[in-house]
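Next up, start.cif (mmCIF, C-alpha atoms and all ligand atoms):
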data_my_file
loop_
_atom_site.label_atom_id
_atom_site.label_comp_id
_atom_site.auth_asym_id
_atom_site.auth_seq_id
_atom_site.Cartn_x
_atom_site.Cartn_y
_atom_site.Cartn_z
CA MET A 43 10.37 -13.73 3.23
CA PRO A 44 8.98 -13.03 6.71
CA SER A 45 7.22 -15.94 8.36
CA TYR A 46 3.83 -16.55 9.95
CA PRO A 47 2.97 -18.29 13.22
CA HIS A 48 2.91 -22.07 12.66
CA HIS A 49 -0.72 -22.43 13.64
CA LEU A 50 -1.77 -20.34 10.62
CA THR A 51 0.28 -21.99 7.90
CA GLY A 52 -1.73 -25.21 7.56
CA ASP A 53 -5.22 -25.50 6.05
CA GLY A 54 -6.97 -24.04 9.06
CA PRO A 55 -8.36 -22.32 10.89
CA LEU A 56 -11.34 -22.26 8.57
CA ASN A 57 -13.82 -19.41 8.95
CA PRO A 58 -17.17 -21.06 9.83
CA PHE A 59 -19.15 -17.96 8.79
CA PRO A 60 -18.12 -16.46 5.46
CA GLY A 61 -21.54 -14.78 5.35
CA ILE A 62 -24.38 -14.68 2.86
CA LYS A 63 -22.78 -12.08 0.56
CA VAL A 64 -19.66 -14.20 0.14
CA LEU A 65 -21.79 -17.30 -0.39
CA GLU A 66 -23.85 -15.54 -3.07
CA ARG A 67 -20.69 -14.60 -4.92
CA ARG A 68 -19.36 -18.15 -4.62
CA ILE A 69 -22.49 -19.71 -6.12
CA GLY A 70 -23.03 -16.86 -8.58
CA ARG A 71 -26.62 -16.00 -7.70
CA GLU A 72 -28.68 -14.16 -5.11
CA ILE A 73 -30.20 -15.97 -2.13
CA PRO A 74 -33.53 -14.16 -1.64
CA HIS A 75 -34.65 -15.94 1.54
CA ARG A 76 -32.49 -15.57 4.67
CA LEU A 77 -33.83 -18.34 6.87
CA GLY A 78 -30.66 -19.56 8.50
CA SER A 79 -28.55 -16.73 9.90
CA ASN A 80 -30.58 -16.15 13.08
CA GLU A 81 -30.77 -12.39 12.47
CA GLY A 82 -33.61 -10.28 13.86
CA LEU A 83 -35.16 -9.77 10.43
CA ASP A 84 -38.71 -9.21 11.71
CA MET A 85 -37.80 -6.42 14.11
CA PRO A 86 -40.01 -3.48 13.02
CA HIS A 87 -37.42 -0.92 14.10
CA ARG A 88 -40.01 1.76 14.65
CA ALA A 89 -37.78 3.69 17.07
CA LEU A 90 -34.75 3.50 14.84
CA ARG A 91 -36.74 4.54 11.77
CA GLU A 92 -38.25 7.47 13.60
CA HIS A 93 -34.87 8.60 14.86
CA PHE A 94 -32.64 8.03 11.82
CA GLY A 95 -35.01 7.43 8.91
CA ASP A 96 -35.92 4.33 6.91
CA ALA A 97 -32.68 4.32 4.91
CA VAL A 98 -30.61 3.69 8.02
CA ALA A 99 -32.91 0.94 9.30
CA GLU A 100 -32.50 -0.95 6.03
CA HIS A 101 -28.77 -1.31 6.73
CA VAL A 102 -28.94 -2.76 10.21
CA TYR A 103 -30.77 -6.09 9.92
CA CYS A 104 -28.18 -8.32 8.32
CA TYR A 105 -24.66 -9.43 8.98
CA GLY A 106 -22.38 -7.48 6.69
CA ASP A 107 -20.27 -8.46 3.72
CA ALA A 108 -17.20 -10.00 5.35
CA GLU A 109 -15.21 -9.14 2.22
CA ALA A 110 -16.50 -5.55 2.01
CA LEU A 111 -16.53 -5.88 -1.76
CA GLY A 112 -18.27 -2.58 -2.48
CA VAL A 113 -15.74 -0.58 -0.46
CA ARG A 114 -12.80 -2.47 -1.94
CA GLN A 115 -14.11 -1.98 -5.49
CA ARG A 116 -14.25 1.77 -4.95
CA LEU A 117 -10.79 1.95 -3.36
CA SER A 118 -9.42 -0.18 -6.15
CA ALA A 119 -10.98 1.89 -8.95
CA GLN A 120 -10.06 5.23 -7.39
CA GLN A 121 -6.49 4.42 -6.41
CA GLY A 122 -5.45 1.76 -8.91
CA ILE A 123 -4.84 -0.83 -6.19
CA PRO A 124 -5.65 -4.38 -7.39
CA LEU A 125 -8.85 -5.60 -5.72
CA ASP A 126 -7.19 -8.70 -4.29
CA HIS A 127 -4.49 -6.55 -2.65
CA LEU A 128 -7.10 -4.86 -0.42
CA LEU A 129 -8.59 -6.01 2.90
CA VAL A 130 -11.14 -3.91 4.81
CA ASP A 131 -11.40 -3.97 8.60
CA ALA A 132 -12.71 -1.88 11.50
CA GLY A 133 -10.17 0.94 11.27
CA ALA A 134 -6.38 1.11 11.25
CA ASP A 135 -6.28 0.12 14.93
CA SER A 136 -8.12 -3.10 14.17
CA LEU A 137 -5.74 -3.69 11.30
CA ILE A 138 -2.73 -3.22 13.59
CA ALA A 139 -4.14 -5.89 15.89
CA LEU A 140 -4.95 -8.09 12.92
CA ALA A 141 -1.47 -7.69 11.42
CA LEU A 142 0.07 -8.62 14.76
CA ARG A 143 -2.20 -11.64 15.09
CA THR A 144 -1.23 -12.73 11.59
CA THR A 145 2.53 -12.33 11.92
CA CYS A 146 3.57 -12.68 15.57
CA THR A 147 3.37 -15.16 18.41
CA PRO A 148 3.86 -14.40 22.13
CA GLY A 149 7.54 -13.89 22.84
CA ASP A 150 8.34 -12.44 19.41
CA THR A 151 10.23 -9.17 19.34
CA VAL A 152 8.71 -6.16 17.60
CA VAL A 153 10.27 -2.73 17.06
CA SER A 154 8.76 0.75 16.93
CA THR A 155 9.93 4.28 17.66
CA ALA A 156 9.80 5.37 21.32
CA GLY A 157 6.82 7.74 21.55
CA THR A 158 5.18 7.02 18.20
CA TYR A 159 1.49 6.07 17.84
CA PRO A 160 1.12 4.09 21.05
CA THR A 161 -1.63 1.70 20.05
CA PHE A 162 0.91 -0.44 18.23
CA GLY A 163 3.00 -1.06 21.38
CA TYR A 164 -0.14 -1.49 23.47
CA PHE A 165 -1.51 -4.20 21.18
CA ALA A 166 1.91 -5.83 20.71
CA GLN A 167 2.44 -6.12 24.45
CA GLY A 168 -1.12 -7.31 24.91
CA GLN A 169 -0.28 -10.12 22.54
CA GLY A 170 2.80 -11.07 24.55
CA CYS A 171 5.38 -9.55 22.21
CA ARG A 172 8.57 -7.94 23.43
CA LEU A 173 8.68 -4.27 22.43
CA VAL A 174 12.01 -2.64 21.51
CA GLU A 175 11.92 1.12 21.01
CA PRO A 176 14.75 3.10 19.41
CA GLY A 177 14.45 6.89 19.84
CA TYR A 178 13.45 9.60 17.38
CA ILE A 179 15.98 11.74 15.53
CA GLU A 180 15.73 15.13 17.23
CA ALA A 181 17.25 18.27 15.72
CA PRO A 182 16.13 21.86 15.19
CA GLY A 183 13.01 21.71 13.00
CA LEU A 184 13.12 17.91 12.95
CA LEU A 185 11.52 15.12 14.95
CA ALA A 186 11.55 11.96 12.85
CA PRO A 187 11.46 8.19 13.33
CA ASP A 188 15.05 7.01 12.95
CA LEU A 189 14.90 4.50 10.11
CA GLU A 190 18.49 3.37 10.49
CA ALA A 191 17.96 2.75 14.19
CA LEU A 192 14.78 0.77 13.45
CA ALA A 193 16.67 -1.44 10.98
CA ALA A 194 19.63 -1.85 13.34
CA ALA A 195 17.31 -2.85 16.20
CA ALA A 196 15.52 -5.31 13.93
CA HIS A 197 18.84 -7.02 13.19
CA GLN A 198 20.19 -6.90 16.73
CA GLU A 199 16.99 -8.18 18.31
CA SER A 200 15.99 -10.62 15.54
CA ALA A 201 12.67 -8.80 15.28
CA GLN A 202 9.63 -10.39 13.71
CA LEU A 203 8.07 -7.05 12.81
CA VAL A 204 8.91 -3.33 12.64
CA TYR A 205 6.14 -0.73 12.91
CA LEU A 206 6.44 2.67 11.28
CA ALA A 207 3.78 5.36 11.01
CA ASN A 208 4.37 7.40 7.86
CA PRO A 209 3.42 10.23 8.11
CA ASP A 210 4.17 9.84 11.79
CA ASN A 211 1.98 10.59 14.77
CA PRO A 212 2.74 12.69 16.84
CA SER A 213 5.66 14.30 15.00
CA GLY A 214 3.83 14.73 11.67
CA HIS A 215 7.06 13.78 9.92
CA LEU A 216 6.90 12.25 6.43
CA HIS A 217 9.66 9.97 5.21
CA SER A 218 10.01 9.85 1.41
CA ASP A 219 8.97 6.80 -0.59
CA SER A 220 12.61 6.06 -1.39
CA ALA A 221 13.45 6.15 2.35
CA ILE A 222 10.69 3.59 2.96
CA LEU A 223 12.07 1.32 0.24
CA LYS A 224 15.54 1.72 1.71
CA LEU A 225 14.19 0.77 5.14
CA ARG A 226 12.55 -2.36 3.69
CA ASP A 227 15.87 -3.28 2.06
CA ALA A 228 17.75 -2.67 5.29
CA LEU A 229 15.46 -4.89 7.39
CA PRO A 230 16.20 -8.60 7.79
CA ASP A 231 14.39 -10.62 5.09
CA THR A 232 12.58 -12.46 7.88
CA CYS A 233 11.14 -9.27 9.39
CA TRP A 234 7.76 -7.76 8.51
CA LEU A 235 7.31 -4.02 8.00
CA LEU A 236 3.95 -2.75 9.25
CA LEU A 237 3.58 0.60 7.52
CA ASP A 238 0.80 2.67 9.09
CA GLU A 239 -0.35 5.28 6.57
CA ALA A 240 -3.34 6.57 8.53
CA TYR A 241 -2.42 10.13 7.48
CA GLY A 242 -1.38 9.23 3.92
CA ASP A 243 -4.33 11.16 2.43
CA PHE A 244 -2.85 14.43 3.72
CA ARG A 245 0.44 14.01 1.89
CA ASP A 246 0.91 16.53 -0.91
CA ASP A 247 1.74 13.58 -3.20
CA ALA A 248 -1.07 11.42 -1.80
CA ASN A 249 -2.08 9.75 -5.03
CA ASN A 250 1.29 8.95 -6.55
CA ASP A 251 2.06 5.55 -8.06
CA PHE A 252 3.91 4.40 -4.97
CA ALA A 253 0.77 4.88 -2.85
CA ALA A 254 -0.98 2.08 -4.76
CA LYS A 255 1.93 -0.35 -4.61
CA THR A 256 2.07 -3.61 -2.76
CA LEU A 257 5.54 -4.08 -1.33
CA PRO A 258 6.89 -7.55 -0.52
CA GLY A 259 7.19 -8.13 3.23
CA VAL A 260 5.14 -4.99 3.93
CA ILE A 261 1.60 -4.59 5.26
CA ARG A 262 0.33 -1.07 4.57
CA LEU A 263 -2.59 0.33 6.58
CA ARG A 264 -4.93 3.23 5.82
CA THR A 265 -8.06 4.59 7.42
CA LEU A 266 -11.28 6.39 6.57
CA SER A 267 -11.25 8.00 10.02
CA LYS A 268 -9.38 11.13 9.08
CA ALA A 269 -9.63 12.46 5.52
CA HIS A 270 -13.06 10.80 5.13
CA GLY A 271 -14.41 11.86 8.54
CA LEU A 272 -15.68 8.38 9.52
CA ALA A 273 -13.78 7.71 12.77
CA GLY A 274 -16.97 6.83 14.61
CA LEU A 275 -17.99 4.19 12.08
CA ARG A 276 -14.67 2.27 12.23
CA ILE A 277 -13.35 1.44 8.81
CA GLY A 278 -9.89 1.21 7.27
CA TYR A 279 -7.98 -0.98 4.84
CA ALA A 280 -4.77 -2.88 4.39
CA ILE A 281 -2.75 -3.19 1.20
CA ALA A 282 -0.61 -6.31 0.91
CA ASP A 283 0.07 -9.33 -1.28
CA PRO A 284 -2.99 -11.60 -1.65
CA ASP A 285 -1.26 -14.45 0.18
CA VAL A 286 -0.64 -12.16 3.18
CA LEU A 287 -4.26 -11.00 3.11
CA ALA A 288 -5.46 -14.61 2.94
CA LEU A 289 -3.67 -15.30 6.22
CA MET A 290 -5.11 -12.11 7.72
CA MET A 291 -8.60 -13.22 6.67
CA LYS A 292 -8.09 -16.43 8.64
CA VAL A 293 -7.86 -14.56 11.94
CA ARG A 294 -10.09 -11.60 11.18
CA ILE A 295 -13.31 -11.02 13.12
CA HIS A 296 -15.44 -11.55 10.05
CA TYR A 297 -18.33 -9.14 10.70
CA ALA A 298 -16.25 -6.45 12.40
CA VAL A 299 -17.20 -3.84 9.80
CA SER A 300 -20.94 -3.32 10.06
CA THR A 301 -23.35 -3.30 7.15
CA PHE A 302 -24.18 0.32 7.85
CA THR A 303 -20.51 1.33 8.03
CA GLN A 304 -19.85 -0.25 4.65
CA ALA A 305 -22.88 1.47 3.12
CA ALA A 306 -21.82 4.83 4.55
CA ALA A 307 -18.23 4.40 3.37
CA GLU A 308 -19.49 3.60 -0.13
CA VAL A 309 -21.56 6.79 -0.19
CA VAL A 310 -18.61 8.89 0.99
CA LEU A 311 -16.19 7.27 -1.47
CA ASP A 312 -18.69 7.93 -4.27
CA HIS A 313 -18.26 11.65 -3.60
CA PRO A 314 -14.51 12.20 -3.95
CA ALA A 315 -14.88 15.95 -4.54
CA GLU A 316 -16.13 16.38 -0.97
CA ILE A 317 -13.19 14.35 0.38
CA HIS A 318 -10.68 16.35 -1.64
CA GLN A 319 -12.19 19.62 -0.54
CA HIS A 320 -12.06 18.49 3.08
CA ILE A 321 -8.40 17.51 2.74
CA ALA A 322 -7.54 20.88 1.16
CA GLU A 323 -9.33 22.73 3.94
CA VAL A 324 -7.61 20.68 6.66
CA LYS A 325 -4.21 21.42 5.13
CA ALA A 326 -4.99 25.14 4.91
CA ARG A 327 -6.02 25.16 8.58
CA ARG A 328 -2.90 23.18 9.52
CA GLU A 329 -0.69 25.80 7.83
CA GLN A 330 -2.64 28.63 9.46
CA LEU A 331 -2.27 27.02 12.87
CA ALA A 332 1.45 26.40 12.31
CA ALA A 333 2.04 29.99 11.15
CA HIS A 334 0.12 31.33 14.15
CA PHE A 335 2.26 29.46 16.68
CA GLN A 336 5.49 30.06 14.76
CA ALA A 337 4.80 33.79 14.91
CA LEU A 338 4.68 33.48 18.70
CA GLY A 339 8.11 31.81 18.68
CA ALA A 340 6.97 28.19 19.03
CA ASP A 341 8.98 25.22 17.77
CA VAL A 342 6.32 23.92 15.37
CA LEU A 343 7.20 20.66 13.66
CA PRO A 344 6.64 20.30 9.90
CA SER A 345 3.56 18.14 9.40
CA ALA A 346 2.15 16.08 6.52
CA THR A 347 -0.96 15.21 8.54
CA ASN A 348 -4.15 16.79 9.90
CA PHE A 349 -2.42 18.09 13.04
CA ILE A 350 0.61 20.05 14.16
CA GLY A 351 3.13 19.05 16.78
CA ILE A 352 4.72 21.70 18.96
CA ARG A 353 7.89 21.02 20.94
CA LEU A 354 8.06 22.82 24.27
CA PRO A 355 11.33 23.42 26.14
CA THR A 356 10.51 20.84 28.84
CA ALA A 357 8.15 17.95 29.50
CA GLU A 358 7.06 19.69 32.75
CA LEU A 359 5.87 22.74 30.85
CA ALA A 360 4.08 20.57 28.29
CA GLU A 361 2.39 18.64 31.11
CA GLN A 362 1.29 21.86 32.81
CA VAL A 363 -0.10 23.42 29.61
CA ASN A 364 -1.89 20.21 28.71
CA ARG A 365 -3.40 19.95 32.19
CA GLU A 366 -4.50 23.59 32.34
CA LEU A 367 -6.06 23.39 28.90
CA LEU A 368 -7.97 20.28 29.92
CA GLU A 369 -9.19 22.01 33.09
CA ALA A 370 -10.41 24.79 30.81
CA GLY A 371 -12.30 22.25 28.70
CA ARG A 372 -9.82 22.03 25.82
CA LEU A 373 -8.43 18.63 24.97
CA ILE A 374 -5.23 18.62 22.97
CA ALA A 375 -2.84 15.65 23.01
CA ARG A 376 0.43 15.00 24.81
CA PRO A 377 2.15 11.65 24.22
CA ALA A 378 2.13 9.45 27.32
CA HIS A 379 5.56 8.07 26.41
CA PRO A 380 8.29 9.82 28.44
CA ALA A 381 10.46 10.14 25.30
CA LEU A 382 8.03 12.68 23.85
CA GLY A 383 6.64 14.28 26.99
CA HIS A 384 7.71 17.71 25.69
CA VAL A 385 5.52 17.48 22.57
CA LEU A 386 1.95 18.72 22.26
CA ARG A 387 -0.29 17.83 19.35
CA ILE A 388 -3.18 19.94 18.07
CA THR A 389 -5.69 18.81 15.46
CA ALA A 390 -6.24 21.28 12.62
CA VAL A 391 -9.97 21.77 13.15
CA ALA A 392 -11.63 25.17 12.87
CA ASP A 393 -12.22 25.22 16.64
CA ALA A 394 -8.45 25.28 17.25
CA LEU A 395 -8.20 28.52 15.26
CA GLU A 396 -10.82 30.38 17.28
CA PRO A 397 -9.11 33.42 18.81
CA GLY A 398 -8.20 32.76 22.46
CA GLN A 399 -9.04 29.07 22.25
CA LEU A 400 -5.48 28.01 23.06
CA ALA A 401 -4.52 31.14 25.02
CA ILE A 402 -2.92 29.05 27.78
CA LEU A 403 -0.51 27.52 25.27
CA GLU A 404 0.13 30.86 23.57
CA GLN A 405 1.03 32.44 26.89
CA ALA A 406 3.44 29.59 27.77
CA ILE A 407 5.12 29.90 24.37
CA LYS A 408 5.55 33.66 24.69
CA GLU A 409 6.99 33.36 28.18
CA ASN A 410 9.49 30.70 27.11
CA ALA A 411 10.41 32.01 23.63
C1 LIG B 1 -0.83 6.59 13.21
C2 LIG B 1 -2.24 6.18 13.48
N1 LIG B 1 -2.62 4.94 13.17
C3 LIG B 1 -3.88 4.53 13.39
C4 LIG B 1 -4.82 5.37 13.94
C5 LIG B 1 -6.19 4.83 14.23
O1 LIG B 1 -7.00 4.93 13.10
P1 LIG B 1 -8.44 4.24 13.09
O2 LIG B 1 -9.41 5.25 13.56
O3 LIG B 1 -8.64 3.89 11.65
O4 LIG B 1 -8.39 3.04 13.96
C6 LIG B 1 -4.46 6.67 14.29
C7 LIG B 1 -5.45 7.57 14.90
O5 LIG B 1 -5.16 8.57 15.47
C8 LIG B 1 -3.13 7.08 14.06
O6 LIG B 1 -2.73 8.28 14.43
#
Turn this file's structure into structure tokens for me.
Ligand SMILES: Cc1ncc(COP(=O)(O)O)c(C=O)c1O
Amino acid sequence: MPSYPHHLTGDGPLNPFPGIKVLERRIGREIPHRLGSNEGLDMPHRALREHFGDAVAEHVYCYGDAEALGVRQRLSAQQGIPLDHLLVDAGADSLIALALRTTCTPGDTVVSTAGTYPTFGYFAQGQGCRLVEPGYIEAPGLLAPDLEALAAAAHQESAQLVYLANPDNPSGHLHSDSAILKLRDALPDTCWLLLDEAYGDFRDDANNDFAAKTLPGVIRLRTLSKAHGLAGLRIGYAIADPDVLALMMKVRIHYAVSTFTQAAAEVVLDHPAEIHQHIAEVKARREQLAAHFQALGADVLPSATNFIGIRLPTAELAEQVNRELLEAGRLIARPAHPALGHVLRITAVADALEPGQLAILEQAIKENA
């Protein structure tokens, strides 16, 4: 079993502010008079009401439910994940930081693929961890995190944690569920697997049984930023064993997910048909975008996400295209990591399909095909 930092394994630290919602649940009744939380309850909020309407103003006065029960209940009912295996926080990024805070101390070694979603390495280094980065597997039609190399590095470097985005950003690659289980088996027993499934909703098999599973030694992360369109509100969730989540709750910023965000997430989750339609439309656009660039001769990577990755012949060309597009007011993405400097990533939004929108990239592809 992977370990936790020593300072978290005793009784403390104890959260001094569980919040009124948690307290109400503990004592089993409502507390109608909030006289002790020093909130601005008497603020008339005339400006806010005028701008956003009364309904919004009602959700801003009070500190939120630190346990996000309403959101967790919906996720649990819809996906068959036990309620006590779910923790809600301010997006997958926040959960990456939280998972690191829960499992690692400064000086610990962590492993992730060179060029993958960079926030993990950024946060890990910010916490004083040593980052080891094996490369991707690169082959025609394939750019994939190298699971064997991740496991080998974890052993060689006595890693405390391995990070894997699945589906991956920026390659879009999806490793199968059995490959993930094999990776977990191949890791040292003492090593955590942080499995970032921010794009899991775009998998063709998104709601299979495996998606709801809690895996020993694994912290799974998901987000409502992508398939649910709530990136600006900051909300995501972790799936892990209750004892892991209890440790995460010890170091969590308790009101990080606002009252309004939780209310909005509940409304969105209560309308699954809209989410499913959005996902289907994103996938259709992704395939259209991929087909368009493939027809021009581009090396388009297979993607199980809401974007496509395109490999250009050189990092210099990718840098030039990226820069010229930006100068023309079009922001696509190029990984900052030198290992993937030749990759460009385009989100499958309708704007990307507008004729001529990415003409600079199209021209570069045609010239280098
Ligand atoms: C792999 C991966 N993880 C996490 C995130 C961040 O998600 P959130 O908005 O929930 O913080 C992203 C966003 O692009 C991502 O690509």
Box in all listed atoms of ligand LIG 1 (chain B), axis-aligned, with 4 Å more on each side; write out centre and edge lengths in Å to one decimal as JSON.
{"center_x": -5.1, "center_y": 5.8, "center_z": 13.6, "size_x": 16.6, "size_y": 13.5, "size_z": 11.8}
Point (3.9, 24.0, 15.6) neighbourhood (6 Å, all atoms listed in the file) written as a list in words: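 The residues near that point, listed by chain and number, are Ala332, Phe335, Asp341, Val342, Leu343, Ile350, Gly351 and Ile352 of chain A.
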Output file for the residues above (C-alpha atoms, as a PDB file, keeping the file's coordinate frame):
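Everything below was put into part.pdb:
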ATOM      1  CA  ALA A 332       1.450  26.400  12.310  1.00  0.00           C
ATOM      2  CA  PHE A 335       2.260  29.460  16.680  1.00  0.00           C
ATOM      3  CA  ASP A 341       8.980  25.220  17.770  1.00  0.00           C
ATOM      4  CA  VAL A 342       6.320  23.920  15.370  1.00  0.00           C
ATOM      5  CA  LEU A 343       7.200  20.660  13.660  1.00  0.00           C
ATOM      6  CA  ILE A 350       0.610  20.050  14.160  1.00  0.00           C
ATOM      7  CA  GLY A 351       3.130  19.050  16.780  1.00  0.00           C
ATOM      8  CA  ILE A 352       4.720  21.700  18.960  1.00  0.00           C
TER       9      ILE A 352
END
What is the distance, in Å and to one decimal place, between atom CA of A:Ala390 and atom CA of A:Val324?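 So the answer is 6.1 Å.
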If the limit is 10 Å from any atom of ligand LIG 1 (chain B), counting only C-alpha atoms and all ligand atoms, which residues qualify? Return them as a ChimeraX atom specification. /A:131-138,158-162,206-212,214,237-242,263-268,271-279,347-349
Surrounding residues of A:Met291 excluding itself and chain neighbours under 5 positions, 10 Å, all atoms listed in the file, as a PDB file with C-alpha atoms, keeping the file's coordinate frame:
ATOM      1  CA  LEU A  56     -11.340 -22.260   8.570  1.00  0.00           C
ATOM      2  CA  ASN A  57     -13.820 -19.410   8.950  1.00  0.00           C
ATOM      3  CA  ALA A 108     -17.200 -10.000   5.350  1.00  0.00           C
ATOM      4  CA  GLU A 109     -15.210  -9.140   2.220  1.00  0.00           C
ATOM      5  CA  LEU A 129      -8.590  -6.010   2.900  1.00  0.00           C
ATOM      6  CA  VAL A 130     -11.140  -3.910   4.810  1.00  0.00           C
ATOM      7  CA  ASP A 131     -11.400  -3.970   8.600  1.00  0.00           C
ATOM      8  CA  LEU A 140      -4.950  -8.090  12.920  1.00  0.00           C
ATOM      9  CA  THR A 144      -1.230 -12.730  11.590  1.00  0.00           C
ATOM     10  CA  ASP A 285      -1.260 -14.450   0.180  1.00  0.00           C
ATOM     11  CA  VAL A 286      -0.640 -12.160   3.180  1.00  0.00           C
ATOM     12  CA  HIS A 296     -15.440 -11.550  10.050  1.00  0.00           C
TER      13      HIS A 296
END
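The coordinates place atom CA of A:Glu316 at 15.6 Å from atom CA of A:Leu117.
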Can you pull out every residue within 8 Å of A:Arg116, counting all atoms listed in the file, but drop anything in the same chain fewer than 5 positions away, and send it as a ChimeraX atom specification? /A:308,311-312
As a PDB file, keeping the file's coordinate frame, could you write out stretch 72-85 of chain A once it has been completed with N, CA and C atoms?
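What landed in result_24.pdb:
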ATOM      1  N   GLU A  72     -28.141 -14.711  -6.355  1.00  0.00           N
ATOM      2  CA  GLU A  72     -28.680 -14.160  -5.110  1.00  0.00           C
ATOM      3  C   GLU A  72     -29.418 -15.220  -4.308  1.00  0.00           C
ATOM      4  N   ILE A  73     -29.407 -15.086  -2.991  1.00  0.00           N
ATOM      5  CA  ILE A  73     -30.200 -15.970  -2.130  1.00  0.00           C
ATOM      6  C   ILE A  73     -31.293 -15.084  -1.523  1.00  0.00           C
ATOM      7  N   PRO A  74     -32.519 -15.141  -2.074  1.00  0.00           N
ATOM      8  CA  PRO A  74     -33.530 -14.160  -1.640  1.00  0.00           C
ATOM      9  C   PRO A  74     -34.092 -14.419  -0.240  1.00  0.00           C
ATOM     10  N   HIS A  75     -34.004 -15.635   0.249  1.00  0.00           N
ATOM     11  CA  HIS A  75     -34.650 -15.940   1.540  1.00  0.00           C
ATOM     12  C   HIS A  75     -33.608 -16.257   2.595  1.00  0.00           C
ATOM     13  N   ARG A  76     -33.491 -15.391   3.604  1.00  0.00           N
ATOM     14  CA  ARG A  76     -32.490 -15.570   4.670  1.00  0.00           C
ATOM     15  C   ARG A  76     -33.164 -16.277   5.834  1.00  0.00           C
ATOM     16  N   LEU A  77     -33.109 -17.576   5.838  1.00  0.00           N
ATOM     17  CA  LEU A  77     -33.830 -18.340   6.870  1.00  0.00           C
ATOM     18  C   LEU A  77     -32.886 -19.026   7.828  1.00  0.00           C
ATOM     19  N   GLY A  78     -31.592 -18.778   7.689  1.00  0.00           N
ATOM     20  CA  GLY A  78     -30.660 -19.560   8.500  1.00  0.00           C
ATOM     21  C   GLY A  78     -29.625 -18.787   9.277  1.00  0.00           C
ATOM     22  N   SER A  79     -29.646 -17.464   9.237  1.00  0.00           N
ATOM     23  CA  SER A  79     -28.550 -16.730   9.900  1.00  0.00           C
ATOM     24  C   SER A  79     -28.912 -16.202  11.279  1.00  0.00           C
ATOM     25  N   ASN A  80     -30.139 -16.541  11.744  1.00  0.00           N
ATOM     26  CA  ASN A  80     -30.580 -16.150  13.080  1.00  0.00           C
ATOM     27  C   ASN A  80     -30.475 -14.646  13.338  1.00  0.00           C
ATOM     28  N   GLU A  81     -30.743 -13.846  12.290  1.00  0.00           N
ATOM     29  CA  GLU A  81     -30.770 -12.390  12.470  1.00  0.00           C
ATOM     30  C   GLU A  81     -32.163 -11.972  12.931  1.00  0.00           C
ATOM     31  N   GLY A  82     -32.294 -10.759  13.405  1.00  0.00           N
ATOM     32  CA  GLY A  82     -33.610 -10.280  13.860  1.00  0.00           C
ATOM     33  C   GLY A  82     -34.377  -9.614  12.734  1.00  0.00           C
ATOM     34  N   LEU A  83     -34.629 -10.376  11.663  1.00  0.00           N
ATOM     35  CA  LEU A  83     -35.160  -9.770  10.430  1.00  0.00           C
ATOM     36  C   LEU A  83     -36.559  -9.197  10.575  1.00  0.00           C
ATOM     37  N   ASP A  84     -37.335  -9.690  11.567  1.00  0.00           N
ATOM     38  CA  ASP A  84     -38.710  -9.210  11.710  1.00  0.00           C
ATOM     39  C   ASP A  84     -38.848  -8.037  12.677  1.00  0.00           C
ATOM     40  N   MET A  85     -37.745  -7.567  13.211  1.00  0.00           N
ATOM     41  CA  MET A  85     -37.800  -6.420  14.110  1.00  0.00           C
ATOM     42  C   MET A  85     -38.351  -5.207  13.333  1.00  0.00           C
TER      43      MET A  85
END
